[in-house]
Each structure stands twice: as C-alpha cells, then as structure tokens.
>>> print(open('protein28.cif').read())   # mmCIF, C-alpha atoms
data_query
loop_
_atom_site.group_PDB
_atom_site.id
_atom_site.type_symbol
_atom_site.label_atom_id
_atom_site.label_comp_id
_atom_site.auth_asym_id
_atom_site.auth_seq_id
_atom_site.Cartn_x
_atom_site.Cartn_y
_atom_site.Cartn_z
ATOM 1 C CA MET C 1 0.000 0.000 0.000
ATOM 2 C CA LYS C 2 2.853 2.382 0.833
ATOM 3 C CA LEU C 3 4.340 1.815 -2.599
ATOM 4 C CA LYS C 4 1.073 2.710 -4.324
ATOM 5 C CA ILE C 5 0.756 5.895 -2.261
ATOM 6 C CA LEU C 6 4.349 6.825 -3.111
ATOM 7 C CA LYS C 7 3.760 6.229 -6.816
ATOM 8 C CA VAL C 8 0.647 8.412 -6.793
ATOM 9 C CA GLU C 9 2.506 11.136 -4.896
ATOM 10 C CA VAL C 10 5.445 11.097 -7.318
ATOM 11 C CA VAL C 11 3.126 11.215 -10.342
ATOM 12 C CA PHE C 12 1.240 14.115 -8.727
ATOM 13 C CA GLN C 13 4.506 15.985 -8.091
ATOM 14 C CA LEU C 14 5.609 15.368 -11.665
ATOM 15 C CA MET C 15 2.292 16.686 -12.986
ATOM 16 C CA VAL C 16 2.502 19.814 -10.810
ATOM 17 C CA SER C 17 6.053 20.383 -12.051
ATOM 18 C CA LEU C 18 5.053 19.995 -15.694
ATOM 19 C CA ILE C 19 2.008 22.257 -15.307
ATOM 20 C CA GLY C 20 4.206 24.868 -13.627
ATOM 21 C CA LEU C 21 6.733 24.591 -16.435
ATOM 22 C CA LEU C 22 4.052 25.015 -19.085
ATOM 23 C CA TYR C 23 2.651 28.007 -17.220
ATOM 24 C CA VAL C 24 6.079 29.646 -17.140
ATOM 25 C CA ILE C 25 6.714 28.910 -20.831
ATOM 26 C CA VAL C 26 3.365 30.410 -21.863
ATOM 27 C CA ASP C 27 3.982 33.463 -19.689
ATOM 28 C CA TYR C 28 7.495 33.871 -21.108
ATOM 29 C CA SER C 29 6.227 33.668 -24.679
ATOM 30 C CA GLN C 30 3.726 36.454 -23.939
ATOM 31 C CA LYS C 31 6.542 38.691 -22.637
ATOM 32 C CA SER C 32 4.823 39.281 -19.292
ATOM 33 C CA SER C 33 6.442 40.655 -16.174
ATOM 34 C CA GLY C 34 8.054 37.348 -15.266
ATOM 35 C CA MET C 35 6.245 36.831 -11.993
ATOM 36 C CA ALA C 36 4.630 33.643 -13.314
ATOM 37 C CA PHE C 37 7.868 31.840 -12.490
ATOM 38 C CA PHE C 38 7.566 32.750 -8.821
ATOM 39 C CA ILE C 39 3.867 31.917 -8.780
ATOM 40 C CA ALA C 40 4.644 28.475 -10.216
ATOM 41 C CA LEU C 41 7.532 28.100 -7.762
ATOM 42 C CA PHE C 42 5.177 28.876 -4.886
ATOM 43 C CA TYR C 43 2.754 26.133 -5.929
ATOM 44 C CA LEU C 44 5.640 23.713 -6.446
ATOM 45 C CA GLY C 45 6.887 24.499 -2.968
ATOM 46 C CA ILE C 46 3.478 23.929 -1.395
ATOM 47 C CA SER C 47 2.999 20.617 -3.208
ATOM 48 C CA ASN C 48 6.542 19.524 -2.307
ATOM 49 C CA LEU C 49 5.895 20.369 1.345
ATOM 50 C CA LEU C 50 2.685 18.344 1.452
ATOM 51 C CA GLY C 51 4.319 15.462 -0.412
ATOM 52 C CA PHE C 52 7.332 15.603 1.891
ATOM 53 C CA LEU C 53 5.089 15.281 4.945
ATOM 54 C CA LEU C 54 3.501 12.240 3.311
ATOM 55 C CA ARG C 55 6.888 10.697 2.518
ATOM 56 C CA VAL C 56 8.172 11.263 6.045
ATOM 57 C CA SER C 57 5.096 9.570 7.491
ATOM 58 C CA LEU C 58 5.462 6.553 5.182
ATOM 59 C CA PHE C 59 9.221 5.979 4.820
ATOM 60 C CA THR C 60 12.394 6.415 6.797
ATOM 61 C CA SER C 61 15.111 7.477 4.411
ATOM 62 C CA LYS C 62 18.330 9.426 4.593
ATOM 63 C CA PHE C 63 17.074 11.414 1.604
ATOM 64 C CA ASN C 64 14.256 12.814 3.757
ATOM 65 C CA ARG C 65 16.869 14.238 6.130
ATOM 66 C CA TYR C 66 18.969 15.627 3.277
ATOM 67 C CA TYR C 67 15.934 17.346 1.782
ATOM 68 C CA PHE C 68 14.781 18.749 5.125
ATOM 69 C CA PHE C 69 18.151 20.138 6.173
ATOM 70 C CA GLY C 70 18.844 21.374 2.635
ATOM 71 C CA VAL C 71 15.604 23.361 2.607
ATOM 72 C CA ILE C 72 16.353 24.809 6.053
ATOM 73 C CA LEU C 73 19.860 25.813 4.926
ATOM 74 C CA PHE C 74 18.454 27.287 1.708
ATOM 75 C CA PHE C 75 16.046 29.542 3.603
ATOM 76 C CA VAL C 76 18.746 30.614 6.067
ATOM 77 C CA ILE C 77 21.044 31.560 3.164
ATOM 78 C CA LEU C 78 18.139 33.287 1.413
ATOM 79 C CA TYR C 79 17.368 35.264 4.562
ATOM 80 C CA LEU C 80 21.004 36.265 5.070
ATOM 81 C CA ALA C 81 21.389 37.199 1.412
ATOM 82 C CA SER C 82 18.275 39.363 1.488
ATOM 83 C CA ILE C 83 19.557 41.179 4.582
ATOM 84 C CA LEU C 84 23.097 41.686 3.295
ATOM 85 C CA ILE C 85 22.340 42.561 -0.345
ATOM 86 C CA ILE C 86 21.746 46.209 -1.002
ATOM 87 C CA ASP C 87 18.611 47.229 -2.878
ATOM 88 C CA SER C 88 20.306 47.663 -6.242
ATOM 89 C CA ARG C 89 21.307 43.974 -6.342
ATOM 90 C CA ILE C 90 18.032 42.437 -5.162
ATOM 91 C CA GLU C 91 17.704 40.530 -8.464
ATOM 92 C CA MET C 92 20.542 38.285 -7.226
ATOM 93 C CA VAL C 93 18.284 37.194 -4.367
ATOM 94 C CA PHE C 94 15.504 36.448 -6.846
ATOM 95 C CA TYR C 95 17.872 34.437 -9.047
ATOM 96 C CA PHE C 96 19.110 32.489 -6.020
ATOM 97 C CA MET C 97 15.541 31.808 -4.948
ATOM 98 C CA GLY C 98 14.538 30.655 -8.420
ATOM 99 C CA ILE C 99 17.551 28.455 -9.048
ATOM 100 C CA GLY C 100 17.380 26.931 -5.579
ATOM 101 C CA GLY C 101 13.670 26.230 -5.893
ATOM 102 C CA VAL C 102 14.083 24.494 -9.229
ATOM 103 C CA LEU C 103 17.033 22.425 -7.980
ATOM 104 C CA PHE C 104 15.119 21.350 -4.874
ATOM 105 C CA ASN C 105 12.180 20.330 -7.029
ATOM 106 C CA ILE C 106 14.426 18.252 -9.298
ATOM 107 C CA TYR C 107 16.052 16.610 -6.258
ATOM 108 C CA TYR C 108 12.624 15.930 -4.765
ATOM 109 C CA LEU C 109 11.412 14.238 -7.950
ATOM 110 C CA LEU C 110 14.586 12.183 -8.375
ATOM 111 C CA TYR C 111 14.606 10.898 -4.843
ATOM 112 C CA GLY C 112 10.927 10.007 -5.221
ATOM 113 C CA PHE C 113 11.774 7.804 -8.195
ATOM 114 C CA TYR C 114 14.695 6.358 -6.240
ATOM 115 C CA LEU C 115 12.418 5.523 -3.295
ATOM 116 C CA ILE C 116 10.036 3.732 -5.651
ATOM 117 C CA LYS C 117 12.890 1.699 -7.131
ATOM 118 C CA VAL C 118 14.314 0.749 -3.730
ATOM 119 C CA THR C 119 10.895 -0.026 -2.279
ATOM 120 C CA GLN C 120 10.070 -2.325 -5.194
ATOM 121 C CA LYS C 121 13.440 -4.046 -4.783
ATOM 122 C CA ASN C 122 12.944 -4.438 -1.031
ATOM 123 C CA LYS C 123 9.405 -5.714 -1.569
ATOM 124 C CA THR C 124 10.680 -8.512 -3.804
ATOM 125 C CA GLU C 125 13.365 -9.360 -1.243
ATOM 126 C CA GLY C 126 10.924 -9.225 1.685
ATOM 127 C CA GLN C 127 12.462 -6.235 3.492
ATOM 128 C CA ASP C 128 10.429 -3.385 4.954
ATOM 129 C CA PHE C 129 12.965 -0.583 5.319
ATOM 130 C CA ILE C 130 14.804 1.883 3.117
ATOM 131 C CA SER C 131 18.332 2.861 3.978
#
>>> encode(input="protein28.cif", output="structure tokens")
Amino acid sequence: MKLKILKVEVVFQLMVSLIGLLYVIVDYSQKSSGMAFFIALFYLGISNLLGFLLRVSLFTSKFNRYYFFGVILFFVILYLASILIIDSRIEMVFYFMGIGGVLFNIYYLLYGFYLIKVTQKNKTEGQDFIS
C-alpha cells in the first residue's frame, strides 16, 4: 500500500512540475512581467511540502533528512542574502531563490523515483525498510 501511495505522490509531483513549467513557458512567450515563475515556484513548494510530509510519514530514508536540512539551509542563506544585499542587487536574491527552488524540485522528484525503485526491490526481497 505504501508503494502505491508513493507512486501516486510522485506522479502528482511530476504533474505539478510539468504544469508549472508550461505556465512559465506560456507566460514567457507572452513577454509578461516574469512573476509567473515565482507563482509556479510557490505552488511547487506547497505541493513539495505536502508530499514531503507524506513521505516522512510513510518511509524512513536518509534522503528525507537531506531534503529537510537542505531546505532549512536554503532559507537561512536566502534570509542572510536578502539582509546583506543592497537594494540595487536584489535581483541576485531572486535568481538564487529561483535556481534553488528548481534544484530542490528536481532533487525531490529524483529521490521520489529512487524511493520507488528501492521499495520495489525491497518488496521482492521481503524487506520493509529503506536505507
């Protein structure tokens, strides 16, 4: 049952990512203000947070810890950068936020696929844990 829930969650995350990407591409082609990227990033972040809570409740994995501490470190760096950067260079903070958000989403999707692969392997071997 856990494997089916994980598969549905990963497919949902992939769909949210693709919809966000399409939204950004359409907005970019219309030469809008560019805020669609941050709107899509917000929805990706919310869906990743909800999916992460589901993954933590279902599986114990070192990748859960890496993701959690990576996100905490990202927000601490983002906070420090926004305090230390003067107003004329605020676009650097936006670039950091965008690049970091996209990289975290890619990591989140990849480790979801990895969890599926390991869980299927462990299921065939009769084990119940993920290292």
>>> residues_around(input="protein28.cif", residues="Gly98 (chain C)", least_positions_apart="6", cutoff="12 Å", atoms="all atoms listed in the file", output="VMD selection string")
chain C and resid 34 to 42 44 to 45 74 78 91 to 92 104 to 105
>>> resolve_selection(input="protein28.cif", expression="the PyMOL selection byres ((chain C and resi 61) around 10)", output="list of chain:residue names")
C:Arg55, C:Val56, C:Leu58, C:Phe59, C:Thr60, C:Lys62, C:Phe63, C:Asn64, C:Arg65, C:Tyr66, C:Tyr111, C:Leu115, C:Phe129, C:Ile130, C:Ser131
>>> resolve_selection(input="protein28.cif", expression="the PyMOL selection byres ((chain C and resi 10) around 9)", output="PyMOL selection string")
chain C and resi 5-9+11-15+51+109+112-113+116
>>> atom_distance(input="protein28.cif", atom1="CA of Leu110 (chain C)", atom2="CA of Ala81 (chain C)")
27.7 Å
>>> closest_residue(input="protein28.cif", among="C:Val71, C:Leu3, C:Val26, C:Leu103", to="Lys121 (chain C)", atoms="only C-alpha atoms")
C:Leu3
>>> closest_residue(input="protein28.cif", among="C:Tyr23, C:Phe52, C:Tyr28, C:Tyr67", to="Tyr107 (chain C)", atoms="only C-alpha atoms")
C:Tyr67
>>> closest_residue(input="protein28.cif", among="C:Lys31, C:Val24, C:Val16, C:Asn48", to="Gly101 (chain C)", atoms="only C-alpha atoms")
C:Asn48
>>> atom_distance(input="protein28.cif", atom1="CA of Leu21 (chain C)", atom2="CA of Met97 (chain C)")
16.2 Å
>>> residues_near_point(input="protein28.cif", point="(18.3, 39.0, 3.7)", cutoff="12 Å", atoms="only C-alpha atoms", output="PDB file with C-alpha atoms, in the frame of the given file")
ATOM      1  CA  PHE C  74      18.454  27.287   1.708  1.00  0.00           C
ATOM      2  CA  PHE C  75      16.046  29.542   3.603  1.00  0.00           C
ATOM      3  CA  VAL C  76      18.746  30.614   6.067  1.00  0.00           C
ATOM      4  CA  ILE C  77      21.044  31.560   3.164  1.00  0.00           C
ATOM      5  CA  LEU C  78      18.139  33.287   1.413  1.00  0.00           C
ATOM      6  CA  TYR C  79      17.368  35.264   4.562  1.00  0.00           C
ATOM      7  CA  LEU C  80      21.004  36.265   5.070  1.00  0.00           C
ATOM      8  CA  ALA C  81      21.389  37.199   1.412  1.00  0.00           C
ATOM      9  CA  SER C  82      18.275  39.363   1.488  1.00  0.00           C
ATOM     10  CA  ILE C  83      19.557  41.179   4.582  1.00  0.00           C
ATOM     11  CA  LEU C  84      23.097  41.686   3.295  1.00  0.00           C
ATOM     12  CA  ILE C  85      22.340  42.561  -0.345  1.00  0.00           C
ATOM     13  CA  ILE C  86      21.746  46.209  -1.002  1.00  0.00           C
ATOM     14  CA  ASP C  87      18.611  47.229  -2.878  1.00  0.00           C
ATOM     15  CA  ARG C  89      21.307  43.974  -6.342  1.00  0.00           C
ATOM     16  CA  ILE C  90      18.032  42.437  -5.162  1.00  0.00           C
ATOM     17  CA  MET C  92      20.542  38.285  -7.226  1.00  0.00           C
ATOM     18  CA  VAL C  93      18.284  37.194  -4.367  1.00  0.00           C
ATOM     19  CA  PHE C  94      15.504  36.448  -6.846  1.00  0.00           C
ATOM     20  CA  PHE C  96      19.110  32.489  -6.020  1.00  0.00           C
ATOM     21  CA  MET C  97      15.541  31.808  -4.948  1.00  0.00           C
TER      22      MET C  97
END
>>> atom_distance(input="protein28.cif", atom1="CA of Leu18 (chain C)", atom2="CA of Gln30 (chain C)")
18.5 Å
